[in-house]
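Next up, query.cif (mmCIF, C-alpha atoms):
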data_data
#
loop_
_atom_site.group_PDB
_atom_site.id
_atom_site.type_symbol
_atom_site.label_atom_id
_atom_site.label_comp_id
_atom_site.auth_asym_id
_atom_site.auth_seq_id
_atom_site.Cartn_x
_atom_site.Cartn_y
_atom_site.Cartn_z
ATOM 1 C CA MET A 32 0.000 0.000 0.000
ATOM 2 C CA TYR A 33 2.706 2.488 0.999
ATOM 3 C CA GLU A 34 5.066 1.742 -1.897
ATOM 4 C CA LYS A 35 2.452 1.616 -4.660
ATOM 5 C CA VAL A 36 -0.033 4.293 -3.579
ATOM 6 C CA ILE A 37 0.987 6.544 -0.689
ATOM 7 C CA LYS A 38 4.595 6.958 -1.784
ATOM 8 C CA ARG A 39 3.515 7.855 -5.312
ATOM 9 C CA ILE A 40 1.087 10.493 -4.012
ATOM 10 C CA ILE A 41 3.846 11.989 -1.860
ATOM 11 C CA ASP A 42 6.215 12.004 -4.854
ATOM 12 C CA ILE A 43 3.692 13.793 -7.080
ATOM 13 C CA VAL A 44 2.854 16.446 -4.477
ATOM 14 C CA LEU A 45 6.424 17.148 -3.352
ATOM 15 C CA SER A 46 7.952 17.110 -6.834
ATOM 16 C CA GLY A 47 5.180 19.381 -8.115
ATOM 17 C CA LEU A 48 5.817 21.843 -5.294
ATOM 18 C CA GLY A 49 9.560 21.501 -5.811
ATOM 19 C CA ILE A 50 9.264 22.343 -9.502
ATOM 20 C CA VAL A 51 7.236 25.459 -8.679
ATOM 21 C CA PHE A 52 9.453 26.741 -5.864
ATOM 22 C CA ALA A 53 12.728 25.842 -7.571
ATOM 23 C CA ALA A 54 11.721 27.295 -10.932
ATOM 24 C CA ILE A 55 13.567 30.600 -10.451
ATOM 25 C CA PRO A 56 16.745 29.029 -8.965
ATOM 26 C CA MET A 57 16.778 26.446 -11.786
ATOM 27 C CA ALA A 58 16.364 29.210 -14.354
ATOM 28 C CA ALA A 59 19.320 31.029 -12.787
ATOM 29 C CA VAL A 60 21.442 27.852 -12.931
ATOM 30 C CA ALA A 61 20.431 27.365 -16.583
ATOM 31 C CA VAL A 62 21.613 30.891 -17.445
ATOM 32 C CA MET A 63 24.927 30.333 -15.643
ATOM 33 C CA ILE A 64 25.478 27.061 -17.508
ATOM 34 C CA LYS A 65 24.981 28.838 -20.844
ATOM 35 C CA LEU A 66 27.396 31.577 -19.795
ATOM 36 C CA ASP A 67 29.952 29.111 -18.421
ATOM 37 C CA THR A 68 30.476 26.828 -21.433
ATOM 38 C CA PRO A 69 28.968 26.336 -24.886
ATOM 39 C CA GLY A 70 26.384 23.578 -25.208
ATOM 40 C CA PRO A 71 22.905 22.606 -23.994
ATOM 41 C CA VAL A 72 21.642 23.362 -20.499
ATOM 42 C CA PHE A 73 20.331 19.872 -19.854
ATOM 43 C CA PHE A 74 21.917 16.451 -20.094
ATOM 44 C CA ARG A 75 19.833 13.334 -20.734
ATOM 45 C CA GLN A 76 21.092 9.825 -20.163
ATOM 46 C CA LYS A 77 19.720 6.285 -20.408
ATOM 47 C CA ARG A 78 19.244 4.807 -16.937
ATOM 48 C CA ILE A 79 17.789 1.696 -15.333
ATOM 49 C CA GLY A 80 14.317 2.103 -13.862
ATOM 50 C CA ILE A 81 12.039 -0.237 -11.938
ATOM 51 C CA HIS A 82 12.124 -3.885 -13.113
ATOM 52 C CA LYS A 83 15.171 -2.992 -15.243
ATOM 53 C CA SER A 84 13.124 -0.843 -17.610
ATOM 54 C CA TYR A 85 14.833 2.148 -19.245
ATOM 55 C CA PHE A 86 14.179 5.856 -18.872
ATOM 56 C CA GLN A 87 15.962 9.107 -19.685
ATOM 57 C CA ILE A 88 17.276 10.834 -16.593
ATOM 58 C CA ILE A 89 17.476 14.647 -16.745
ATOM 59 C CA LYS A 90 20.291 16.655 -15.205
ATOM 60 C CA PHE A 91 21.875 20.041 -15.615
ATOM 61 C CA ARG A 92 24.889 19.652 -17.868
ATOM 62 C CA SER A 93 27.975 19.699 -15.666
ATOM 63 C CA MET A 94 30.718 18.591 -18.033
ATOM 64 C CA PRO A 95 32.012 19.584 -21.479
ATOM 65 C CA THR A 96 29.877 18.387 -24.383
ATOM 66 C CA ASP A 97 32.715 16.266 -25.765
ATOM 67 C CA ALA A 98 33.093 14.147 -22.605
ATOM 68 C CA PRO A 99 31.994 10.473 -22.980
ATOM 69 C CA SER A 100 28.214 10.224 -22.622
ATOM 70 C CA ASP A 101 27.809 6.713 -21.166
ATOM 71 C CA THR A 102 30.802 6.416 -18.887
ATOM 72 C CA PRO A 103 30.558 6.605 -15.081
ATOM 73 C CA THR A 104 32.531 9.538 -13.734
ATOM 74 C CA HIS A 105 34.937 7.305 -11.799
ATOM 75 C CA GLU A 106 36.094 5.734 -15.062
ATOM 76 C CA LEU A 107 37.094 9.078 -16.547
ATOM 77 C CA LYS A 108 40.755 9.943 -16.129
ATOM 78 C CA ASP A 109 41.254 13.159 -14.164
ATOM 79 C CA ALA A 110 37.572 14.068 -14.322
ATOM 80 C CA LYS A 111 38.159 17.315 -12.411
ATOM 81 C CA THR A 112 40.591 18.622 -15.007
ATOM 82 C CA ILE A 113 37.920 18.787 -17.716
ATOM 83 C CA MET A 114 35.359 20.597 -15.554
ATOM 84 C CA THR A 115 35.113 24.320 -14.987
ATOM 85 C CA PRO A 116 35.002 25.563 -11.367
ATOM 86 C CA PHE A 117 31.270 26.205 -11.792
ATOM 87 C CA GLN A 118 30.638 22.688 -13.093
ATOM 88 C CA GLU A 119 32.613 21.197 -10.240
ATOM 89 C CA LYS A 120 30.601 23.226 -7.737
ATOM 90 C CA ILE A 121 27.149 22.241 -9.014
ATOM 91 C CA ARG A 122 28.211 18.580 -9.017
ATOM 92 C CA LYS A 123 29.719 18.783 -5.539
ATOM 93 C CA TYR A 124 26.485 20.101 -4.049
ATOM 94 C CA SER A 125 24.171 18.059 -6.320
ATOM 95 C CA VAL A 126 22.634 21.129 -7.939
ATOM 96 C CA ASP A 127 22.885 19.274 -11.249
ATOM 97 C CA GLU A 128 20.350 16.764 -9.912
ATOM 98 C CA LEU A 129 17.507 19.300 -9.524
ATOM 99 C CA PRO A 130 15.881 18.600 -12.926
ATOM 100 C CA GLN A 131 15.190 15.073 -11.707
ATOM 101 C CA LEU A 132 12.148 16.595 -10.017
ATOM 102 C CA PHE A 133 10.576 16.196 -13.473
ATOM 103 C CA ASN A 134 11.566 12.507 -13.530
ATOM 104 C CA ILE A 135 9.890 12.059 -10.144
ATOM 105 C CA PHE A 136 6.748 13.897 -11.211
ATOM 106 C CA ALA A 137 6.554 11.734 -14.358
ATOM 107 C CA GLY A 138 6.878 8.548 -12.313
ATOM 108 C CA HIS A 139 10.293 7.393 -13.539
ATOM 109 C CA MET A 140 11.805 7.909 -10.109
ATOM 110 C CA SER A 141 10.922 8.480 -6.473
ATOM 111 C CA PHE A 142 12.501 10.832 -3.956
ATOM 112 C CA VAL A 143 13.988 7.864 -2.097
ATOM 113 C CA GLY A 144 15.247 4.599 -3.593
ATOM 114 C CA PRO A 145 18.399 3.062 -5.091
ATOM 115 C CA ARG A 146 20.154 5.551 -7.356
ATOM 116 C CA PRO A 147 19.405 4.610 -10.988
ATOM 117 C CA ALA A 148 22.317 2.780 -12.589
ATOM 118 C CA LEU A 149 23.613 3.585 -16.045
ATOM 119 C CA TRP A 150 22.201 1.193 -18.646
ATOM 120 C CA ASN A 151 25.673 -0.334 -19.131
ATOM 121 C CA GLN A 152 26.640 -0.772 -15.474
ATOM 122 C CA PHE A 153 26.038 -4.488 -15.777
ATOM 123 C CA ASP A 154 28.054 -5.398 -12.674
ATOM 124 C CA LEU A 155 25.978 -3.096 -10.459
ATOM 125 C CA ILE A 156 22.703 -4.236 -12.057
ATOM 126 C CA GLU A 157 23.633 -7.902 -11.566
ATOM 127 C CA GLU A 158 24.643 -7.324 -7.953
ATOM 128 C CA ARG A 159 21.376 -5.529 -7.223
ATOM 129 C CA ASP A 160 19.447 -8.490 -8.621
ATOM 130 C CA LYS A 161 20.654 -10.510 -5.630
ATOM 131 C CA TYR A 162 18.743 -8.182 -3.314
ATOM 132 C CA GLY A 163 15.675 -7.349 -5.387
ATOM 133 C CA ALA A 164 16.901 -3.764 -5.629
ATOM 134 C CA ASN A 165 16.085 -3.564 -9.345
ATOM 135 C CA ASP A 166 12.416 -4.169 -8.554
ATOM 136 C CA VAL A 167 11.821 -0.921 -6.698
ATOM 137 C CA LYS A 168 11.630 2.535 -8.207
ATOM 138 C CA PRO A 169 15.024 4.307 -8.265
ATOM 139 C CA GLY A 170 15.419 7.440 -6.213
ATOM 140 C CA LEU A 171 16.881 10.916 -6.131
ATOM 141 C CA THR A 172 18.613 9.791 -2.951
ATOM 142 C CA GLY A 173 18.829 6.515 -1.087
ATOM 143 C CA TRP A 174 20.210 4.514 1.803
ATOM 144 C CA ALA A 175 23.486 3.841 -0.023
ATOM 145 C CA GLN A 176 23.957 7.563 -0.751
ATOM 146 C CA ILE A 177 23.797 8.532 2.907
ATOM 147 C CA ASN A 178 26.144 5.710 3.858
ATOM 148 C CA GLY A 179 29.012 6.549 1.575
ATOM 149 C CA ARG A 180 27.721 8.059 -1.648
ATOM 150 C CA ASP A 181 30.504 7.896 -4.275
ATOM 151 C CA GLU A 182 32.965 6.103 -2.019
ATOM 152 C CA LEU A 183 31.177 2.735 -1.927
ATOM 153 C CA PRO A 184 32.376 -0.252 -3.950
ATOM 154 C CA ILE A 185 29.678 -1.966 -5.989
ATOM 155 C CA GLU A 186 29.149 -4.915 -3.637
ATOM 156 C CA VAL A 187 28.639 -2.657 -0.619
ATOM 157 C CA LYS A 188 26.429 -0.241 -2.514
ATOM 158 C CA ALA A 189 24.177 -3.065 -3.719
ATOM 159 C CA ALA A 190 23.973 -4.479 -0.197
ATOM 160 C CA TYR A 191 22.819 -1.105 1.127
ATOM 161 C CA ASP A 192 20.247 -0.960 -1.685
ATOM 162 C CA GLY A 193 19.036 -4.386 -0.597
ATOM 163 C CA GLU A 194 18.766 -3.182 2.983
ATOM 164 C CA TYR A 195 16.641 -0.293 1.747
ATOM 165 C CA VAL A 196 14.310 -2.739 -0.034
ATOM 166 C CA ARG A 197 13.826 -4.685 3.217
ATOM 167 C CA LYS A 198 13.264 -1.608 5.380
ATOM 168 C CA GLN A 199 11.255 0.536 2.960
ATOM 169 C CA SER A 200 8.569 2.454 4.833
ATOM 170 C CA PHE A 201 7.368 6.007 5.331
ATOM 171 C CA LEU A 202 9.575 6.557 8.389
ATOM 172 C CA PHE A 203 12.637 5.013 6.766
ATOM 173 C CA ASP A 204 12.146 7.131 3.634
ATOM 174 C CA LEU A 205 11.815 10.186 5.857
ATOM 175 C CA LYS A 206 15.091 9.298 7.563
ATOM 176 C CA CYS A 207 16.882 8.903 4.223
ATOM 177 C CA PHE A 208 15.394 12.123 2.856
ATOM 178 C CA PHE A 209 16.446 14.392 5.712
ATOM 179 C CA ARG A 210 19.856 12.803 6.241
ATOM 180 C CA SER A 211 20.514 13.474 2.553
ATOM 181 C CA PHE A 212 20.385 17.219 3.181
ATOM 182 C CA PHE A 213 23.338 16.914 5.554
ATOM 183 C CA LYS A 214 25.301 14.855 3.036
ATOM 184 C CA VAL A 215 24.666 17.367 0.275
ATOM 185 C CA ALA A 216 25.453 20.379 2.476
ATOM 186 C CA THR A 217 28.806 18.908 3.513
ATOM 187 C CA ALA A 218 29.506 17.219 0.139
ATOM 188 C CA GLU A 219 30.440 14.163 2.198
ATOM 189 C CA GLY A 220 31.336 11.078 0.188
ATOM 190 C CA VAL A 221 31.733 12.889 -3.130
ATOM 191 C CA SER A 222 34.619 11.815 -5.337
ATOM 192 C CA GLU A 223 35.305 12.632 -8.963
ATOM 193 C CA GLY A 224 37.420 10.076 -10.761
ATOM 194 C CA GLY A 225 37.982 8.100 -7.554
ATOM 195 C CA PRO A 226 38.630 4.345 -7.542
ATOM 196 C CA SER A 227 35.432 3.288 -5.801
ATOM 197 C CA GLU A 228 32.707 5.512 -7.281
ATOM 198 C CA THR A 229 30.059 3.191 -8.631
ATOM 199 C CA GLU A 230 27.245 5.275 -9.937
ATOM 200 C CA GLY A 231 27.867 8.967 -10.559
ATOM 201 C CA GLN A 232 26.717 11.055 -13.480
ATOM 202 C CA SER A 233 28.337 10.024 -16.675
ATOM 203 C CA GLY A 234 31.013 12.103 -18.248
ATOM 204 C CA GLU A 235 28.313 13.543 -20.566
#
So that I can check it, write out the structure of this file as structure tokens.
Amino acid sequence: MYEKVIKRIIDIVLSGLGIVFAAIPMAAVAVMIKLDTPGPVFFRQKRIGIHKSYFQIIKFRSMPTDAPSDTPTHELKDAKTIMTPFQEKIRKYSVDELPQLFNIFAGHMSFVGPRPALWNQFDLIEERDKYGANDVKPGLTGWAQINGRDELPIEVKAAYDGEYVRKQSFLFDLKCFFRSFFKVATAEGVSEGGPSETEGQSGE
């Protein structure tokens, strides 16, 4: 009942309000992106949704347009060297994730759930299968994100995603949601081009 009905209602209401209240800040970010580097404001990428379906995730573009489009950030050599200071900043504080409010409103994602894997992250997808983590809607944030974020190896990340599947409830989602604000504010667990990042935005 909670996962299929109540959670979806909460997602629609909160994402709708978020889109309205964040409209001006998002417009400001869009202008700064256009002024910072040539290229589109938004970046779309094929991701894994519930039951291993596909959807196009939406983010603010935070890398040069000639960076690889389907490569996890940790696999890019010296990822920081190809980003501008502005791009690095919006990634560090997850500002680039704001357009995913539209993904949530459309039903591709939820506010809380396993972060959606890239379509070609077969090792992560396979590991999540062990825990049933591919059979819940992916989230803007999740239990793995607040327990290590980019620093987690795939096996640990998938295990945390499995723990989320077992514990999923209104109170647990609330815990994940509010603890995420602290993680974002402190940029804890963020690594660009690090050896253990398993999910991150692709190099665009």
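The shortest atom-to-atom distance to Asp160 in chain A, with all atoms listed in the file taken into account, belongs to A:Glu186 out of A:Asp42, A:Asp67, A:Glu34, A:Glu186.
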Would you compute, for all listed atoms of range 209-217 of chain A, the axis-aligned bounding box grown by 6 Å on each side, and then report its centre and edge lengths in Å rounded to one decimal, as lines of an AutoDock Vina configuration file?
center_x = 22.6
center_y = 16.6
center_z = 3.3
size_x = 24.4
size_y = 19.6
size_z = 18.0
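Between CA of Ile81 in chain A and CA of Pro95 in chain A the interatomic distance comes to 29.7 Å.
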Extract, using all atoms listed in the file, all DNA, RNA and protein residues at most 12 Å from Arg210 in chain A, discarding same-chain residues fewer than 3 positions from it, and format them as a list in words. Val143, Thr172, Gly173, Trp174, Ala175, Gln176, Ile177, Asn178, Phe203, Asp204, Leu205, Lys206, Cys207, Phe213, Lys214, Val215, Ala216, Thr217 and Glu219 of chain A
If the PyMOL selection byres ((chain A and resi 80) around 9) were run on this exact file, what residues would it hold? Put them as a list in words. Arg78, Ile79, Ile81, His82, Lys83, Ser84, Tyr85, Phe86, His139, Met140, Pro147, Ala148, Asn165, Asp166, Val167, Lys168 and Pro169 of chain A
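Evaluated against this file, the PyMOL selection byres ((chain A and resi 125) around 10) yields Lys90, Phe91, Glu119, Lys120, Ile121, Arg122, Lys123, Tyr124, Val126, Asp127, Glu128, Leu129, Lys214, Val215, Ala216, Ala218 and Val221 of chain A.
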Next, the residues of the selection above should be written as a PDB file, in the frame of the given file with C-alpha atoms.
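Final output, saved to selection_13.pdb:
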ATOM      1  CA  LYS A  90      20.291  16.655 -15.205  1.00  0.00           C
ATOM      2  CA  PHE A  91      21.875  20.041 -15.615  1.00  0.00           C
ATOM      3  CA  GLU A 119      32.613  21.197 -10.240  1.00  0.00           C
ATOM      4  CA  LYS A 120      30.601  23.226  -7.737  1.00  0.00           C
ATOM      5  CA  ILE A 121      27.149  22.241  -9.014  1.00  0.00           C
ATOM      6  CA  ARG A 122      28.211  18.580  -9.017  1.00  0.00           C
ATOM      7  CA  LYS A 123      29.719  18.783  -5.539  1.00  0.00           C
ATOM      8  CA  TYR A 124      26.485  20.101  -4.049  1.00  0.00           C
ATOM      9  CA  VAL A 126      22.634  21.129  -7.939  1.00  0.00           C
ATOM     10  CA  ASP A 127      22.885  19.274 -11.249  1.00  0.00           C
ATOM     11  CA  GLU A 128      20.350  16.764  -9.912  1.00  0.00           C
ATOM     12  CA  LEU A 129      17.507  19.300  -9.524  1.00  0.00           C
ATOM     13  CA  LYS A 214      25.301  14.855   3.036  1.00  0.00           C
ATOM     14  CA  VAL A 215      24.666  17.367   0.275  1.00  0.00           C
ATOM     15  CA  ALA A 216      25.453  20.379   2.476  1.00  0.00           C
ATOM     16  CA  ALA A 218      29.506  17.219   0.139  1.00  0.00           C
ATOM     17  CA  VAL A 221      31.733  12.889  -3.130  1.00  0.00           C
TER      18      VAL A 221
END
Please indicate the distance in Å from CA of Phe136 in chain A to CA of Ser46 in chain A, rounded to one decimal place.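 Taking CA of Phe136 in chain A as the start and CA of Ser46 in chain A as the end point, the length is 5.6 Å.
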From (22.3, 22.4, -16.8), in the file's coordinates, out to 6 Å: which residues are reached, counting only C-alpha atoms? Answer as a list in words. Ala61, Ile64, Val72, Phe73, Phe91 and Arg92 of chain A
Restrict the selected residues to C-alpha atoms and save them as a short mmCIF file (atom, residue, chain, number, x, y, z; two decimals), keeping the file's coordinate frame.
data_model
loop_
_atom_site.label_atom_id
_atom_site.label_comp_id
_atom_site.auth_asym_id
_atom_site.auth_seq_id
_atom_site.Cartn_x
_atom_site.Cartn_y
_atom_site.Cartn_z
CA ALA A 61 20.43 27.36 -16.58
CA ILE A 64 25.48 27.06 -17.51
CA VAL A 72 21.64 23.36 -20.50
CA PHE A 73 20.33 19.87 -19.85
CA PHE A 91 21.88 20.04 -15.62
CA ARG A 92 24.89 19.65 -17.87
#
For the file shown, what are the residues hit by the PyMOL selection byres ((chain A and resi 188) around 9), laid out as a PyMOL selection string? chain A and resi 155+159+174-176+178-180+183-187+189-193+229
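Using all atoms listed in the file, the residues found no farther than 10 Å from Thr68 in chain A, other than those of its own chain fewer than 5 positions away, are Met63, Arg92, Ser93, Met94, Pro95, Thr96, Met114, Thr115, Phe117 and Gln118 of chain A.
Each of A:Gln199, A:Phe142, A:Ala59, A:Phe212 was checked against Ile41 in chain A using all atoms listed in the file; the smallest atom-to-atom distance is that of A:Phe142.
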From the options A:Leu149, A:Leu48, A:Phe209, A:Lys161, which residue's atoms come nearest to Gln76 in chain A, counting only C-alpha atoms?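 Distance minimum relative to Gln76 in chain A lands on A:Leu149.
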Using 12 Å as the limit and counting all atoms listed in the file, can you tabulate each residue of range 123-196 of chain A that touches range 49-52 of chain A, with its shortest atom-to-atom distance in Å and the two atoms involved, as a Markdown table?
| residue | atom | partner | partner_atom | distance |
| --- | --- | --- | --- | --- |
| A:Leu129 | CA | A:Ile50 | CA | 8.8 |
| A:Pro130 | CA | A:Ile50 | CA | 8.3 |
| A:Gln131 | CA | A:Ile50 | CA | 9.6 |
| A:Leu132 | CA | A:Ile50 | CA | 6.5 |
| A:Phe133 | CA | A:Ile50 | CA | 7.4 |
| A:Asn134 | CA | A:Ile50 | CA | 10.9 |
| A:Ile135 | CA | A:Ile50 | CA | 10.3 |
| A:Phe136 | CA | A:Ile50 | CA | 9.0 |
| A:Ala137 | CA | A:Ile50 | CA | 12.0 |
| A:Phe142 | CA | A:Gly49 | CA | 11.2 |
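Each of A:Gly138, A:Trp150, A:Glu157, A:Phe74 was compared to Ile43 in chain A using all atoms listed in the file, and A:Gly138 turns out to be the nearest.
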Reconstruct N, CA and C atoms of range 122-150 of chain A from the incomplete input and present them as a PDB file, keeping the file's coordinate frame.
ATOM      1  N   ARG A 122      28.165  20.024  -9.244  1.00  0.00           N
ATOM      2  CA  ARG A 122      28.211  18.580  -9.017  1.00  0.00           C
ATOM      3  C   ARG A 122      28.451  18.273  -7.543  1.00  0.00           C
ATOM      4  N   LYS A 123      29.357  19.015  -6.938  1.00  0.00           N
ATOM      5  CA  LYS A 123      29.719  18.783  -5.539  1.00  0.00           C
ATOM      6  C   LYS A 123      28.506  18.895  -4.634  1.00  0.00           C
ATOM      7  N   TYR A 124      27.647  19.881  -4.899  1.00  0.00           N
ATOM      8  CA  TYR A 124      26.485  20.101  -4.049  1.00  0.00           C
ATOM      9  C   TYR A 124      25.178  19.608  -4.680  1.00  0.00           C
ATOM     10  N   SER A 125      25.315  18.746  -5.698  1.00  0.00           N
ATOM     11  CA  SER A 125      24.171  18.059  -6.320  1.00  0.00           C
ATOM     12  C   SER A 125      23.136  18.992  -6.941  1.00  0.00           C
ATOM     13  N   VAL A 126      23.547  20.205  -7.265  1.00  0.00           N
ATOM     14  CA  VAL A 126      22.634  21.129  -7.939  1.00  0.00           C
ATOM     15  C   VAL A 126      22.245  20.577  -9.314  1.00  0.00           C
ATOM     16  N   ASP A 127      23.169  19.844  -9.924  1.00  0.00           N
ATOM     17  CA  ASP A 127      22.885  19.274 -11.249  1.00  0.00           C
ATOM     18  C   ASP A 127      21.756  18.252 -11.233  1.00  0.00           C
ATOM     19  N   GLU A 128      21.403  17.776 -10.033  1.00  0.00           N
ATOM     20  CA  GLU A 128      20.350  16.764  -9.912  1.00  0.00           C
ATOM     21  C   GLU A 128      18.935  17.363  -9.876  1.00  0.00           C
ATOM     22  N   LEU A 129      18.823  18.667  -9.699  1.00  0.00           N
ATOM     23  CA  LEU A 129      17.507  19.300  -9.524  1.00  0.00           C
ATOM     24  C   LEU A 129      16.489  18.970 -10.620  1.00  0.00           C
ATOM     25  N   PRO A 130      16.880  18.920 -11.894  1.00  0.00           N
ATOM     26  CA  PRO A 130      15.881  18.600 -12.926  1.00  0.00           C
ATOM     27  C   PRO A 130      15.237  17.217 -12.773  1.00  0.00           C
ATOM     28  N   GLN A 131      15.803  16.381 -11.929  1.00  0.00           N
ATOM     29  CA  GLN A 131      15.190  15.073 -11.707  1.00  0.00           C
ATOM     30  C   GLN A 131      13.840  15.173 -11.000  1.00  0.00           C
ATOM     31  N   LEU A 132      13.511  16.357 -10.522  1.00  0.00           N
ATOM     32  CA  LEU A 132      12.148  16.595 -10.017  1.00  0.00           C
ATOM     33  C   LEU A 132      11.128  16.261 -11.100  1.00  0.00           C
ATOM     34  N   PHE A 133      11.477  16.524 -12.364  1.00  0.00           N
ATOM     35  CA  PHE A 133      10.576  16.196 -13.473  1.00  0.00           C
ATOM     36  C   PHE A 133      10.481  14.685 -13.670  1.00  0.00           C
ATOM     37  N   ASN A 134      11.594  13.968 -13.464  1.00  0.00           N
ATOM     38  CA  ASN A 134      11.566  12.507 -13.530  1.00  0.00           C
ATOM     39  C   ASN A 134      10.663  11.926 -12.441  1.00  0.00           C
ATOM     40  N   ILE A 135      10.727  12.523 -11.256  1.00  0.00           N
ATOM     41  CA  ILE A 135       9.890  12.059 -10.144  1.00  0.00           C
ATOM     42  C   ILE A 135       8.426  12.332 -10.440  1.00  0.00           C
ATOM     43  N   PHE A 136       8.132  13.533 -10.906  1.00  0.00           N
ATOM     44  CA  PHE A 136       6.748  13.897 -11.211  1.00  0.00           C
ATOM     45  C   PHE A 136       6.170  12.977 -12.287  1.00  0.00           C
ATOM     46  N   ALA A 137       7.008  12.593 -13.264  1.00  0.00           N
ATOM     47  CA  ALA A 137       6.554  11.734 -14.358  1.00  0.00           C
ATOM     48  C   ALA A 137       6.431  10.272 -13.947  1.00  0.00           C
ATOM     49  N   GLY A 138       6.995   9.916 -12.786  1.00  0.00           N
ATOM     50  CA  GLY A 138       6.878   8.548 -12.313  1.00  0.00           C
ATOM     51  C   GLY A 138       8.052   7.644 -12.640  1.00  0.00           C
ATOM     52  N   HIS A 139       9.105   8.203 -13.243  1.00  0.00           N
ATOM     53  CA  HIS A 139      10.293   7.393 -13.539  1.00  0.00           C
ATOM     54  C   HIS A 139      11.084   7.079 -12.275  1.00  0.00           C
ATOM     55  N   MET A 140      11.011   7.999 -11.326  1.00  0.00           N
ATOM     56  CA  MET A 140      11.805   7.909 -10.109  1.00  0.00           C
ATOM     57  C   MET A 140      10.946   8.265  -8.906  1.00  0.00           C
ATOM     58  N   SER A 141      11.514   8.050  -7.729  1.00  0.00           N
ATOM     59  CA  SER A 141      10.922   8.480  -6.473  1.00  0.00           C
ATOM     60  C   SER A 141      11.930   9.393  -5.783  1.00  0.00           C
ATOM     61  N   PHE A 142      11.529  10.036  -4.702  1.00  0.00           N
ATOM     62  CA  PHE A 142      12.501  10.832  -3.956  1.00  0.00           C
ATOM     63  C   PHE A 142      13.532   9.931  -3.283  1.00  0.00           C
ATOM     64  N   VAL A 143      13.088   8.774  -2.798  1.00  0.00           N
ATOM     65  CA  VAL A 143      13.988   7.864  -2.097  1.00  0.00           C
ATOM     66  C   VAL A 143      13.948   6.485  -2.744  1.00  0.00           C
ATOM     67  N   GLY A 144      15.126   5.921  -2.983  1.00  0.00           N
ATOM     68  CA  GLY A 144      15.247   4.599  -3.593  1.00  0.00           C
ATOM     69  C   GLY A 144      16.682   4.408  -4.056  1.00  0.00           C
ATOM     70  N   PRO A 145      17.037   3.252  -4.566  1.00  0.00           N
ATOM     71  CA  PRO A 145      18.399   3.062  -5.091  1.00  0.00           C
ATOM     72  C   PRO A 145      18.658   4.039  -6.238  1.00  0.00           C
ATOM     73  N   ARG A 146      19.839   4.643  -6.254  1.00  0.00           N
ATOM     74  CA  ARG A 146      20.154   5.551  -7.356  1.00  0.00           C
ATOM     75  C   ARG A 146      20.140   4.782  -8.668  1.00  0.00           C
ATOM     76  N   PRO A 147      19.518   5.348  -9.723  1.00  0.00           N
ATOM     77  CA  PRO A 147      19.405   4.610 -10.988  1.00  0.00           C
ATOM     78  C   PRO A 147      20.754   4.384 -11.654  1.00  0.00           C
ATOM     79  N   ALA A 148      21.048   3.135 -11.946  1.00  0.00           N
ATOM     80  CA  ALA A 148      22.317   2.780 -12.589  1.00  0.00           C
ATOM     81  C   ALA A 148      22.295   3.185 -14.054  1.00  0.00           C
ATOM     82  N   LEU A 149      23.487   3.421 -14.602  1.00  0.00           N
ATOM     83  CA  LEU A 149      23.613   3.585 -16.045  1.00  0.00           C
ATOM     84  C   LEU A 149      23.195   2.283 -16.729  1.00  0.00           C
ATOM     85  N   TRP A 150      22.692   2.374 -17.933  1.00  0.00           N
ATOM     86  CA  TRP A 150      22.201   1.193 -18.646  1.00  0.00           C
ATOM     87  C   TRP A 150      23.300   0.147 -18.838  1.00  0.00           C
TER      88      TRP A 150
END
